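Containing mmCIF, C-alpha atoms: target.cif.
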data_start
loop_
_atom_site.label_atom_id
_atom_site.label_comp_id
_atom_site.auth_asym_id
_atom_site.auth_seq_id
_atom_site.Cartn_x
_atom_site.Cartn_y
_atom_site.Cartn_z
CA MET A 1447 5.83 -6.10 -3.28
CA THR A 1448 2.93 -8.52 -2.92
CA PHE A 1449 2.50 -9.71 0.66
CA ILE A 1450 1.44 -13.35 0.99
CA ASN A 1451 0.44 -14.81 4.33
CA TYR A 1452 0.05 -18.60 4.04
CA ALA A 1453 -1.05 -18.88 7.66
CA SER A 1454 -4.03 -16.56 7.32
CA ARG A 1455 -4.34 -17.32 3.58
CA GLU A 1456 -4.23 -13.73 2.40
CA ILE A 1457 -2.70 -11.97 -0.57
CA ASN A 1458 -2.24 -8.20 -0.20
CA CYS A 1459 -1.25 -6.02 -3.14
CA LYS A 1460 -0.48 -2.31 -3.37
CA ILE A 1461 -1.80 -0.18 -6.21
CA VAL A 1462 -0.84 3.48 -6.56
CA TYR A 1463 -2.80 6.12 -8.49
CA TYR A 1464 -0.31 8.62 -9.92
CA GLY A 1465 -0.73 11.76 -12.00
CA PRO A 1466 -0.54 15.57 -12.03
CA GLY A 1467 -2.29 17.81 -9.52
CA LEU A 1468 -6.10 17.90 -9.79
CA CYS A 1469 -6.23 15.10 -12.38
CA GLY A 1470 -8.76 13.09 -10.33
CA LYS A 1471 -6.75 10.50 -8.38
CA THR A 1472 -8.63 11.08 -5.13
CA THR A 1473 -11.90 11.22 -7.08
CA ASN A 1474 -11.19 7.72 -8.43
CA LEU A 1475 -10.72 6.39 -4.88
CA GLN A 1476 -13.74 8.27 -3.59
CA TYR A 1477 -15.93 6.74 -6.30
CA ILE A 1478 -14.63 3.22 -5.58
CA TYR A 1479 -15.24 3.80 -1.88
CA ASP A 1480 -18.78 5.12 -2.42
CA SER A 1481 -19.70 2.26 -4.77
CA THR A 1482 -18.33 -0.66 -2.78
CA ALA A 1483 -20.27 -2.73 -0.24
CA PRO A 1484 -19.22 -1.98 3.37
CA THR A 1485 -18.12 -5.59 3.85
CA SER A 1486 -15.56 -5.29 1.06
CA LYS A 1487 -13.83 -2.11 2.13
CA GLY A 1488 -12.09 -0.45 5.02
CA LYS A 1489 -11.97 3.24 5.81
CA LEU A 1490 -10.93 5.78 3.22
CA ILE A 1491 -8.09 7.70 4.83
CA SER A 1492 -7.28 11.08 3.29
CA LEU A 1493 -4.29 13.05 4.48
CA ALA A 1494 -5.27 16.34 2.88
CA THR A 1495 -4.73 20.06 3.36
CA GLU A 1496 -7.45 22.38 4.62
CA THR A 1497 -8.37 23.03 1.00
CA ASP A 1498 -8.79 19.30 0.29
CA ARG A 1499 -5.60 18.94 -1.71
CA THR A 1500 -3.80 15.66 -1.02
CA LEU A 1501 -0.94 16.35 1.38
CA PHE A 1502 0.57 12.88 1.79
CA PHE A 1503 -1.73 10.15 0.46
CA ASP A 1504 -5.24 8.72 0.34
CA PHE A 1505 -5.62 5.09 1.26
CA MET A 1506 -8.37 2.52 1.12
CA PRO A 1507 -8.25 -1.26 1.51
CA LEU A 1508 -10.49 -3.22 -0.85
CA GLU A 1509 -11.27 -6.92 -0.60
CA LEU A 1510 -12.09 -8.45 -3.95
CA GLY A 1511 -12.84 -12.05 -2.99
CA THR A 1512 -11.02 -15.37 -2.92
CA VAL A 1513 -8.60 -16.91 -5.41
CA ARG A 1514 -7.66 -20.54 -4.80
CA GLY A 1515 -8.60 -20.18 -1.13
CA PHE A 1516 -6.63 -16.95 -0.60
CA LYS A 1517 -8.41 -13.73 0.34
CA THR A 1518 -7.34 -11.09 -2.16
CA ARG A 1519 -6.94 -7.57 -0.82
CA PHE A 1520 -5.86 -4.51 -2.72
CA HIS A 1521 -4.52 -1.49 -0.89
CA LEU A 1522 -5.24 1.54 -3.04
CA TYR A 1523 -3.12 4.66 -2.59
CA THR A 1524 -2.97 8.03 -4.29
CA VAL A 1525 0.01 10.37 -4.29
CA PRO A 1526 -0.08 14.15 -3.87
CA GLY A 1527 -0.01 15.53 -7.41
CA GLN A 1528 1.43 18.95 -6.75
CA VAL A 1529 4.99 19.23 -8.04
CA PHE A 1530 6.58 20.27 -4.74
CA TYR A 1531 5.44 17.12 -2.90
CA ASP A 1532 7.90 14.93 -4.78
CA ALA A 1533 9.55 13.48 -1.66
CA SER A 1534 6.16 12.20 -0.49
CA ARG A 1535 5.33 10.74 -3.91
CA LYS A 1536 8.57 8.80 -3.90
CA LEU A 1537 7.84 7.32 -0.45
CA ILE A 1538 4.39 6.11 -1.48
CA LEU A 1539 5.74 4.15 -4.45
CA LYS A 1540 7.72 1.94 -2.09
CA GLY A 1541 6.59 -1.68 -2.46
CA VAL A 1542 4.15 -0.89 -5.27
CA ASP A 1543 2.65 -3.80 -7.24
CA GLY A 1544 0.77 -1.83 -9.87
CA VAL A 1545 0.34 1.77 -11.03
CA VAL A 1546 -2.57 3.67 -12.55
CA PHE A 1547 -1.52 6.86 -14.27
CA VAL A 1548 -4.46 9.27 -14.24
CA ALA A 1549 -4.03 11.78 -17.06
CA ASP A 1550 -5.99 15.02 -17.25
CA SER A 1551 -7.54 15.24 -20.73
CA GLN A 1552 -7.60 19.04 -20.85
CA GLU A 1553 -5.28 20.55 -23.41
CA GLU A 1554 -3.79 23.00 -20.92
CA ARG A 1555 -2.75 20.09 -18.65
CA MET A 1556 -0.79 18.23 -21.32
CA ASP A 1557 2.57 19.51 -20.09
CA ALA A 1558 1.65 18.61 -16.52
CA ASN A 1559 0.75 15.06 -17.64
CA ILE A 1560 4.08 14.62 -19.39
CA GLU A 1561 6.03 16.06 -16.46
CA SER A 1562 4.22 13.77 -14.03
CA LEU A 1563 4.83 10.72 -16.21
CA TYR A 1564 8.58 11.43 -16.31
CA ASN A 1565 8.47 11.95 -12.57
CA LEU A 1566 6.77 8.55 -12.15
CA GLU A 1567 9.48 6.81 -14.15
CA GLU A 1568 12.21 8.53 -12.15
CA ASN A 1569 10.65 7.75 -8.80
CA LEU A 1570 10.04 4.13 -9.75
CA GLN A 1571 13.69 3.82 -10.75
CA ALA A 1572 14.68 5.16 -7.33
CA HIS A 1573 12.98 2.08 -5.84
CA GLY A 1574 14.50 -0.27 -8.41
CA HIS A 1575 11.28 -0.62 -10.42
CA ASP A 1576 11.02 -0.35 -14.17
CA LEU A 1577 7.77 1.06 -15.53
CA MET A 1578 8.20 -1.19 -18.56
CA LYS A 1579 7.98 -4.31 -16.35
CA LEU A 1580 5.39 -3.16 -13.81
CA PRO A 1581 1.61 -3.74 -14.07
CA TYR A 1582 0.47 -0.41 -15.43
CA VAL A 1583 -2.68 1.24 -16.79
CA LEU A 1584 -3.25 4.64 -18.37
CA GLN A 1585 -6.52 6.36 -17.54
CA LEU A 1586 -7.62 9.37 -19.60
CA ASN A 1587 -9.78 11.25 -17.14
CA LYS A 1588 -12.16 14.20 -17.55
CA ARG A 1589 -13.35 13.05 -20.97
CA ASP A 1590 -16.57 15.04 -20.46
CA LEU A 1591 -14.85 18.44 -20.52
CA PRO A 1592 -15.19 20.56 -23.67
CA THR A 1593 -11.45 21.25 -23.66
CA ALA A 1594 -10.56 17.55 -23.66
CA ILE A 1595 -8.22 16.70 -26.50
CA PRO A 1596 -8.98 13.58 -28.59
CA ALA A 1597 -8.28 10.35 -26.72
CA ALA A 1598 -6.14 8.99 -29.55
CA ASP A 1599 -3.88 12.08 -29.41
CA LEU A 1600 -3.52 11.81 -25.63
CA ALA A 1601 -2.76 8.10 -25.80
CA ALA A 1602 -0.22 8.66 -28.56
CA GLU A 1603 1.59 11.15 -26.35
CA LEU A 1604 1.35 9.33 -23.01
CA GLN A 1605 1.26 5.60 -23.74
CA ARG A 1606 4.60 4.04 -22.83
CA LYS A 1607 4.44 0.34 -23.60
CA GLY A 1608 1.10 -0.62 -25.12
CA GLU A 1609 -0.54 -0.58 -21.69
CA PRO A 1610 -4.36 -0.67 -21.47
CA VAL A 1611 -5.92 2.77 -21.90
CA HIS A 1612 -9.26 3.64 -20.27
CA GLU A 1613 -11.31 6.73 -20.91
CA ALA A 1614 -12.93 8.00 -17.74
CA VAL A 1615 -15.02 10.61 -16.02
CA ALA A 1616 -14.05 9.80 -12.44
CA ALA A 1617 -16.52 12.24 -10.92
CA THR A 1618 -19.44 10.20 -12.29
CA GLY A 1619 -17.66 6.85 -12.16
CA VAL A 1620 -17.27 6.30 -15.90
CA GLY A 1621 -14.26 4.05 -16.46
CA VAL A 1622 -13.23 3.96 -12.79
CA PHE A 1623 -13.87 0.25 -12.19
CA ASP A 1624 -12.63 -0.70 -15.67
CA THR A 1625 -9.33 0.94 -14.76
CA LEU A 1626 -9.13 -0.81 -11.40
CA LYS A 1627 -9.98 -4.21 -12.89
CA SER A 1628 -7.41 -3.71 -15.60
CA VAL A 1629 -4.52 -3.05 -13.19
CA ALA A 1630 -5.68 -5.66 -10.63
CA LYS A 1631 -5.75 -8.35 -13.33
CA GLN A 1632 -2.21 -7.48 -14.36
CA VAL A 1633 -1.03 -7.66 -10.73
CA LEU A 1634 -2.59 -11.10 -10.24
CA THR A 1635 -1.24 -12.31 -13.57
CA GLU A 1636 2.21 -11.17 -12.43
CA LEU A 1637 1.77 -13.18 -9.22
CA ARG A 1638 1.01 -16.25 -11.34
CA LYS A 1639 4.20 -15.73 -13.35
CA SER A 1640 6.39 -15.30 -10.29
CA MET B 198 7.20 -10.79 1.79
CA VAL B 199 5.98 -14.35 2.27
CA ILE B 200 4.93 -15.56 5.71
CA ARG B 201 4.43 -19.28 6.39
CA GLU B 202 2.55 -20.99 9.18
CA PRO B 203 5.46 -21.79 11.59
CA GLN B 204 6.92 -18.27 11.49
CA PHE B 205 3.47 -16.69 11.72
CA GLY B 206 2.87 -18.69 14.92
CA GLN B 207 6.26 -17.64 16.32
CA LEU B 208 5.61 -13.96 15.56
CA LYS B 209 2.23 -14.14 17.27
CA THR B 210 3.75 -15.83 20.33
CA VAL B 211 6.40 -13.12 20.72
CA LEU B 212 3.78 -10.40 20.13
CA ALA B 213 1.55 -11.91 22.82
CA LYS B 214 4.41 -12.10 25.32
CA LEU B 215 5.43 -8.52 24.57
CA ARG B 216 1.88 -7.37 25.06
CA THR B 217 1.73 -8.98 28.50
CA ASP B 218 5.23 -7.91 29.58
CA ALA B 219 4.72 -4.30 28.47
CA ALA B 220 1.15 -4.09 29.82
CA ALA B 221 0.11 -2.91 26.36
CA GLN B 222 -3.34 -3.05 24.79
CA VAL B 223 -2.29 -4.06 21.31
CA THR B 224 0.98 -5.15 19.75
CA PHE B 225 1.32 -5.65 16.05
CA LEU B 226 3.72 -6.07 13.20
CA VAL B 227 3.43 -4.32 9.88
CA ASP B 228 5.74 -4.41 6.89
CA LYS B 229 7.36 -1.16 5.79
CA ASN B 230 4.93 -0.97 2.86
CA GLY B 231 1.97 -0.78 5.23
CA GLN B 232 0.73 -4.38 5.07
CA SER B 233 -0.36 -5.79 8.40
CA ILE B 234 1.55 -8.98 9.32
CA ALA B 235 0.20 -10.09 12.72
CA VAL B 236 -1.78 -8.58 15.58
CA GLN B 237 -2.21 -9.48 19.25
CA GLY B 238 -4.40 -7.90 21.88
CA ASP B 239 -7.67 -6.20 22.49
CA VAL B 240 -8.23 -4.75 19.02
CA GLY B 241 -11.88 -3.83 19.63
CA ASN B 242 -12.82 -1.03 17.25
CA LEU B 243 -9.23 -0.23 16.34
CA ASP B 244 -8.88 -0.14 12.56
CA THR B 245 -5.58 -1.99 12.32
CA THR B 246 -5.51 -1.86 8.50
CA SER B 247 -5.62 1.93 8.48
CA LEU B 248 -3.23 2.14 11.43
CA ALA B 249 -0.76 -0.10 9.58
CA SER B 250 -0.87 2.10 6.49
CA LEU B 251 -0.52 5.32 8.47
CA ALA B 252 2.31 3.94 10.63
CA ALA B 253 4.20 2.92 7.50
CA GLY B 254 3.63 6.39 6.03
CA ASN B 255 4.76 7.95 9.27
CA VAL B 256 7.97 5.88 9.40
CA ALA B 257 8.63 6.53 5.71
CA ALA B 258 8.23 10.29 6.19
CA THR B 259 10.42 10.27 9.30
CA GLY B 260 13.01 8.20 7.43
CA GLY B 261 12.99 10.82 4.68
CA MET B 262 13.63 13.53 7.25
CA ALA B 263 16.43 11.45 8.79
CA GLN B 264 18.21 11.25 5.47
CA LEU B 265 17.90 15.00 4.98
CA VAL B 266 19.87 15.55 8.19
CA GLY B 267 22.42 12.84 7.40
CA GLU B 268 20.97 9.95 9.43
CA LYS B 269 20.18 6.51 7.94
CA GLU B 270 16.86 6.41 9.73
CA PHE B 271 15.18 7.21 13.04
CA PRO B 272 14.51 3.68 14.28
CA THR B 273 11.90 4.53 16.90
CA LEU B 274 8.92 6.86 17.05
CA SER B 275 6.70 7.59 19.98
CA HIS B 276 3.42 9.46 20.11
CA GLU B 277 1.97 10.40 23.48
CA GLY B 278 -1.66 11.39 23.85
CA GLU B 279 -3.81 12.27 26.81
CA HIS B 280 -4.82 8.64 27.39
CA GLU B 281 -3.50 6.55 24.52
CA ASN B 282 0.05 6.23 23.25
CA ILE B 283 1.76 4.58 20.32
CA TYR B 284 5.36 3.39 20.16
CA ILE B 285 6.83 2.27 16.84
CA CYS B 286 10.15 0.49 16.35
CA VAL B 287 11.75 -0.39 13.01
CA ILE B 288 12.96 -4.02 12.85
CA GLY B 289 14.55 -4.58 9.45
CA ARG B 290 11.75 -4.57 6.86
CA ALA B 291 9.06 -4.59 9.52
CA LEU B 292 7.61 -2.17 12.04
CA LEU B 293 6.63 -3.18 15.54
CA ILE B 294 3.75 -1.08 16.84
CA VAL B 295 2.69 -1.00 20.48
CA VAL B 296 -0.54 0.72 21.54
CA PHE B 297 -0.70 1.37 25.27
CA ASP B 298 -2.57 3.51 27.77
CA ASP B 299 -1.60 5.09 31.09
CA GLN B 300 -1.43 1.68 32.78
CA ALA B 301 1.92 1.19 31.08
CA SER B 302 4.91 3.51 30.90
CA LEU B 303 6.94 4.49 27.88
CA GLY B 304 10.10 3.32 29.67
CA LEU B 305 8.71 -0.16 30.25
CA VAL B 306 7.43 -0.38 26.68
CA LYS B 307 10.83 0.64 25.29
CA LEU B 308 12.62 -1.93 27.46
CA ARG B 309 10.29 -4.78 26.50
CA VAL B 310 10.36 -3.83 22.83
CA LYS B 311 14.14 -3.88 22.88
CA GLN B 312 14.10 -7.40 24.31
CA ALA B 313 11.45 -8.63 21.87
CA SER B 314 13.19 -7.00 18.88
CA ARG B 315 15.98 -9.57 18.98
CA GLU B 316 13.48 -12.43 18.78
CA PHE B 317 11.57 -10.76 15.95
CA ALA B 318 14.81 -10.13 14.07
CA GLN B 319 15.66 -13.85 14.28
CA ILE B 320 12.24 -14.88 13.01
CA PHE B 321 12.44 -12.39 10.13
CA ALA B 322 15.90 -13.68 9.24
CA GLU B 323 14.33 -17.15 8.98
CA ILE B 324 11.50 -15.74 6.83
CA ASN B 325 14.04 -14.14 4.52
CA SER B 326 16.14 -17.27 4.27
CA GLN B 327 13.08 -19.29 3.25
CA ALA B 328 11.85 -16.67 0.79
CA ASN B 329 13.11 -18.55 -2.24
CA GLU B 330 12.02 -22.02 -1.16
CA SER B 331 8.93 -23.10 -3.01
CA THR B 332 6.09 -25.08 -1.45
CA ASP B 333 3.02 -26.87 -2.74
CA ASP B 334 1.02 -23.77 -1.89
CA GLU B 335 3.14 -21.68 -4.20
CA SER B 336 2.35 -23.88 -7.18
CA LEU B 337 -1.25 -22.84 -6.48
CA PHE B 338 -0.43 -19.39 -7.81
CA ALA B 339 1.01 -20.80 -11.00
CA GLU B 340 -2.31 -22.58 -11.48
CA ILE B 341 -4.41 -19.42 -11.17
CA THR B 342 -6.46 -19.21 -14.35
CA ASP B 343 -7.87 -16.21 -16.19
CA GLU B 344 -11.29 -17.44 -15.05
CA ASP B 345 -10.17 -17.29 -11.38
CA ILE B 346 -9.10 -13.69 -11.87
CA ASP B 347 -12.25 -12.75 -13.79
CA SER B 348 -14.41 -14.27 -11.06
CA LEU B 349 -13.15 -11.61 -8.62
CA PHE B 350 -14.78 -8.90 -10.71
CA LYS B 351 -18.22 -10.41 -11.20
#
Would you write the structure of this file as structure tokens?
Amino acid sequence: MTFINYASREINCKIVYYGPGLCGKTTNLQYIYDSTAPTSKGKLISLATETDRTLFFDFMPLELGTVRGFKTRFHLYTVPGQVFYDASRKLILKGVDGVVFVADSQEERMDANIESLYNLEENLQAHGHDLMKLPYVLQLNKRDLPTAIPAADLAAELQRKGEPVHEAVAATGVGVFDTLKSVAKQVLTELRKS
Amino acid sequence: MVIREPQFGQLKTVLAKLRTDAAAQVTFLVDKNGQSIAVQGDVGNLDTTSLASLAAGNVAATGGMAQLVGEKEFPTLSHEGEHENIYICVIGRALLIVVFDDQASLGLVKLRVKQASREFAQIFAEINSQANESTDDESLFAEITDEDIDSLFK
């Protein structure tokens, strides 16, 4: 749910990066963090296990600039991708304004992508959200791997509603900002409608 | 959640009074989704944006545990460190966070928070009741153009 403070003239929105384990959600945030000017970002908080797997969430606040005199801030979150952290994933979707689904392009992760996408829809429903009505972007990550299946095949399997699809290599930053822009635009457009 | 000028001022006034009465360093309000609403006190180097997000995550996780044992929620959380302490209280859709050191006591903080909670609850009720009233400012959002949005990404 977008938070609007007329007194301090701020708009805060929440974007969640969702997807199966090891698909590159944290890598997306890390790249955004590393590539953003210090004045535009806060700390990157990672609640991770000793082996650097996300335990609860990663979080970073990002200030994009001003729209009609309102400072526009995006709070970016990732969820833990591992199947058994479902309770945590559900909590993080609370109050979400937009979702990026990060798919792993490797053939052997296709089932994990599909399972995670179903899980996203279920967990959104638990909060009264409908994926079909929510700002949403599909990112096809790890396009540089030799085992990546063709983007068109992946999109055909995972696209839900004609949402924008972005090919990416999050580790090197390819497609990372395109994905963020794409979901942020949808969130702001939604604000205009409401 | 939409906060307007009069209610924002009222929230800050109650936060400031609570801070003084509880001898706390910082008092602040956060919504349950982790967005910071208002802050009062000696923030210094405290990263209130990160603290807001983590407090909301903390309350959400504790709420999940509460439901597993058959409770609706655990409305208060307290964390005691060697020098610094944090007390969190759920007030409807918001969280009240009090950061205090050994100059204050947990008992005093709890008492003052309880008193302030009623005032916060009233202000939030007002915020909720005005949620659907539109203002001139709101028509601003309807006027946001594609160019305005694109300009954020240049």
Residue hits in chain A, query chain B, radius 8 Å, all atoms listed in the file, as an mmCIF file with C-alpha atoms, in the frame of the given file:
data_model
loop_
_atom_site.group_PDB
_atom_site.id
_atom_site.type_symbol
_atom_site.label_atom_id
_atom_site.label_comp_id
_atom_site.auth_asym_id
_atom_site.auth_seq_id
_atom_site.Cartn_x
_atom_site.Cartn_y
_atom_site.Cartn_z
ATOM 1 C CA MET A 1447 5.830 -6.100 -3.280
ATOM 2 C CA THR A 1448 2.930 -8.520 -2.920
ATOM 3 C CA PHE A 1449 2.500 -9.710 0.660
ATOM 4 C CA ILE A 1450 1.440 -13.350 0.990
ATOM 5 C CA ASN A 1451 0.440 -14.810 4.330
ATOM 6 C CA TYR A 1452 0.050 -18.600 4.040
ATOM 7 C CA ALA A 1453 -1.050 -18.880 7.660
ATOM 8 C CA ASN A 1458 -2.240 -8.200 -0.200
ATOM 9 C CA GLY A 1488 -12.090 -0.450 5.020
ATOM 10 C CA LYS A 1489 -11.970 3.240 5.810
ATOM 11 C CA ILE A 1491 -8.090 7.700 4.830
ATOM 12 C CA PHE A 1505 -5.620 5.090 1.260
ATOM 13 C CA MET A 1506 -8.370 2.520 1.120
ATOM 14 C CA PRO A 1507 -8.250 -1.260 1.510
ATOM 15 C CA LEU A 1510 -12.090 -8.450 -3.950
ATOM 16 C CA GLY A 1511 -12.840 -12.050 -2.990
ATOM 17 C CA THR A 1512 -11.020 -15.370 -2.920
ATOM 18 C CA VAL A 1513 -8.600 -16.910 -5.410
ATOM 19 C CA ARG A 1514 -7.660 -20.540 -4.800
ATOM 20 C CA ALA A 1533 9.550 13.480 -1.660
ATOM 21 C CA SER A 1534 6.160 12.200 -0.490
ATOM 22 C CA LEU A 1537 7.840 7.320 -0.450
ATOM 23 C CA ILE A 1538 4.390 6.110 -1.480
ATOM 24 C CA LYS A 1540 7.720 1.940 -2.090
ATOM 25 C CA GLY A 1541 6.590 -1.680 -2.460
ATOM 26 C CA LYS A 1627 -9.980 -4.210 -12.890
ATOM 27 C CA LYS A 1631 -5.750 -8.350 -13.330
ATOM 28 C CA LEU A 1634 -2.590 -11.100 -10.240
ATOM 29 C CA LEU A 1637 1.770 -13.180 -9.220
ATOM 30 C CA ARG A 1638 1.010 -16.250 -11.340
ATOM 31 C CA LYS A 1639 4.200 -15.730 -13.350
ATOM 32 C CA SER A 1640 6.390 -15.300 -10.290
#
Could you tell me which of A:Ala1572, A:Val1548, A:Val1615, A:Met1556 comes closest to A:Leu1584 if we count only C-alpha atoms?
A:Val1548
Check which residues satisfy the PyMOL selection byres ((chain A and resi 1474-1481) around 8) in the file shown, then give them as a PyMOL selection string.
chain A and resi 1470-1473+1482-1483+1487+1490+1504+1506+1522+1524+1616-1619+1622-1623
Would you export the selected residues with C-alpha atoms as a short mmCIF file (atom, residue, chain, number, x, y, z; two decimals), in the coordinates of the input, please?
data_model
loop_
_atom_site.label_atom_id
_atom_site.label_comp_id
_atom_site.auth_asym_id
_atom_site.auth_seq_id
_atom_site.Cartn_x
_atom_site.Cartn_y
_atom_site.Cartn_z
CA GLY A 1470 -8.76 13.09 -10.33
CA LYS A 1471 -6.75 10.50 -8.38
CA THR A 1472 -8.63 11.08 -5.13
CA THR A 1473 -11.90 11.22 -7.08
CA THR A 1482 -18.33 -0.66 -2.78
CA ALA A 1483 -20.27 -2.73 -0.24
CA LYS A 1487 -13.83 -2.11 2.13
CA LEU A 1490 -10.93 5.78 3.22
CA ASP A 1504 -5.24 8.72 0.34
CA MET A 1506 -8.37 2.52 1.12
CA LEU A 1522 -5.24 1.54 -3.04
CA THR A 1524 -2.97 8.03 -4.29
CA ALA A 1616 -14.05 9.80 -12.44
CA ALA A 1617 -16.52 12.24 -10.92
CA THR A 1618 -19.44 10.20 -12.29
CA GLY A 1619 -17.66 6.85 -12.16
CA VAL A 1622 -13.23 3.96 -12.79
CA PHE A 1623 -13.87 0.25 -12.19
#
Chain and number of each residue from the PyMOL selection byres ((chain A and resi 1597) around 10), as a PyMOL selection string:
chain A and resi 1551+1586-1587+1589+1594-1596+1598-1603+1611-1613
Keeping C-alpha atoms, export the residues of the selection given above as a PDB file, in the frame of the given file.
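out_17.pdb written:
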ATOM      1  CA  SER A1551      -7.540  15.240 -20.730  1.00  0.00           C
ATOM      2  CA  LEU A1586      -7.620   9.370 -19.600  1.00  0.00           C
ATOM      3  CA  ASN A1587      -9.780  11.250 -17.140  1.00  0.00           C
ATOM      4  CA  ARG A1589     -13.350  13.050 -20.970  1.00  0.00           C
ATOM      5  CA  ALA A1594     -10.560  17.550 -23.660  1.00  0.00           C
ATOM      6  CA  ILE A1595      -8.220  16.700 -26.500  1.00  0.00           C
ATOM      7  CA  PRO A1596      -8.980  13.580 -28.590  1.00  0.00           C
ATOM      8  CA  ALA A1598      -6.140   8.990 -29.550  1.00  0.00           C
ATOM      9  CA  ASP A1599      -3.880  12.080 -29.410  1.00  0.00           C
ATOM     10  CA  LEU A1600      -3.520  11.810 -25.630  1.00  0.00           C
ATOM     11  CA  ALA A1601      -2.760   8.100 -25.800  1.00  0.00           C
ATOM     12  CA  ALA A1602      -0.220   8.660 -28.560  1.00  0.00           C
ATOM     13  CA  GLU A1603       1.590  11.150 -26.350  1.00  0.00           C
ATOM     14  CA  VAL A1611      -5.920   2.770 -21.900  1.00  0.00           C
ATOM     15  CA  HIS A1612      -9.260   3.640 -20.270  1.00  0.00           C
ATOM     16  CA  GLU A1613     -11.310   6.730 -20.910  1.00  0.00           C
TER      17      GLU A1613
END
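Atom CA of A:Gly1621 sits 19.5 Å away from atom CA of A:Gly1467.
For the pair atom CA of A:Glu1636 and atom CA of B:Arg290, the separation is 22.5 Å.
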With the file shown as input, list the residues that the PyMOL selection byres ((chain A and resi 1579) around 12) selects, as a short mmCIF file (atom, residue, chain, number, x, y, z; two decimals) with C-alpha atoms, in the frame of the given file.
data_model
loop_
_atom_site.label_atom_id
_atom_site.label_comp_id
_atom_site.auth_asym_id
_atom_site.auth_seq_id
_atom_site.Cartn_x
_atom_site.Cartn_y
_atom_site.Cartn_z
CA ASP A 1543 2.65 -3.80 -7.24
CA GLY A 1544 0.77 -1.83 -9.87
CA VAL A 1545 0.34 1.77 -11.03
CA GLU A 1567 9.48 6.81 -14.15
CA LEU A 1570 10.04 4.13 -9.75
CA GLN A 1571 13.69 3.82 -10.75
CA GLY A 1574 14.50 -0.27 -8.41
CA HIS A 1575 11.28 -0.62 -10.42
CA ASP A 1576 11.02 -0.35 -14.17
CA LEU A 1577 7.77 1.06 -15.53
CA MET A 1578 8.20 -1.19 -18.56
CA LEU A 1580 5.39 -3.16 -13.81
CA PRO A 1581 1.61 -3.74 -14.07
CA TYR A 1582 0.47 -0.41 -15.43
CA ARG A 1606 4.60 4.04 -22.83
CA LYS A 1607 4.44 0.34 -23.60
CA GLY A 1608 1.10 -0.62 -25.12
CA GLU A 1609 -0.54 -0.58 -21.69
CA GLN A 1632 -2.21 -7.48 -14.36
CA VAL A 1633 -1.03 -7.66 -10.73
CA GLU A 1636 2.21 -11.17 -12.43
#
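We find atom CA of A:Ile1461 and atom CA of B:Leu212 to be spaced 28.8 Å apart.
If only C-alpha atoms are the atoms counted, then among B:Ala263, B:Ala221, B:Ala252, B:Ala213 the closest residue to B:Val295 is B:Ala221.
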Distance query stretch 299-306 of chain B at most 8 Å, all atoms listed in the file, self and fewer than 3 positions along chain excluded, as a PyMOL selection string:
chain B and resi 219-221+280-281+284+295+309-310
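When all atoms listed in the file are used to compute distances to B:Leu292, the closest of the residues B:Asn325, B:Asn242, B:Gln237, B:Thr224 turns out to be B:Thr224.
Nearest residue to A:Leu1508 among A:Ser1562, A:Ser1486, A:Gln1528, A:Thr1495 is A:Ser1486, counting all atoms listed in the file.
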Assuming 4 Å of padding per side, give the centre and edge lengths of the axis-aligned box around every listed atom of stretch 276-293 of chain B, in Å to one decimal and as AutoDock Vina command-line options.
--center_x 4.9 --center_y 3.8 --center_z 17.1 --size_x 27.4 --size_y 24.9 --size_z 28.5
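Closest to A:Phe1502 among A:Val1546, A:Phe1520, A:Gly1515, A:Arg1535 is A:Arg1535, based on only C-alpha atoms.
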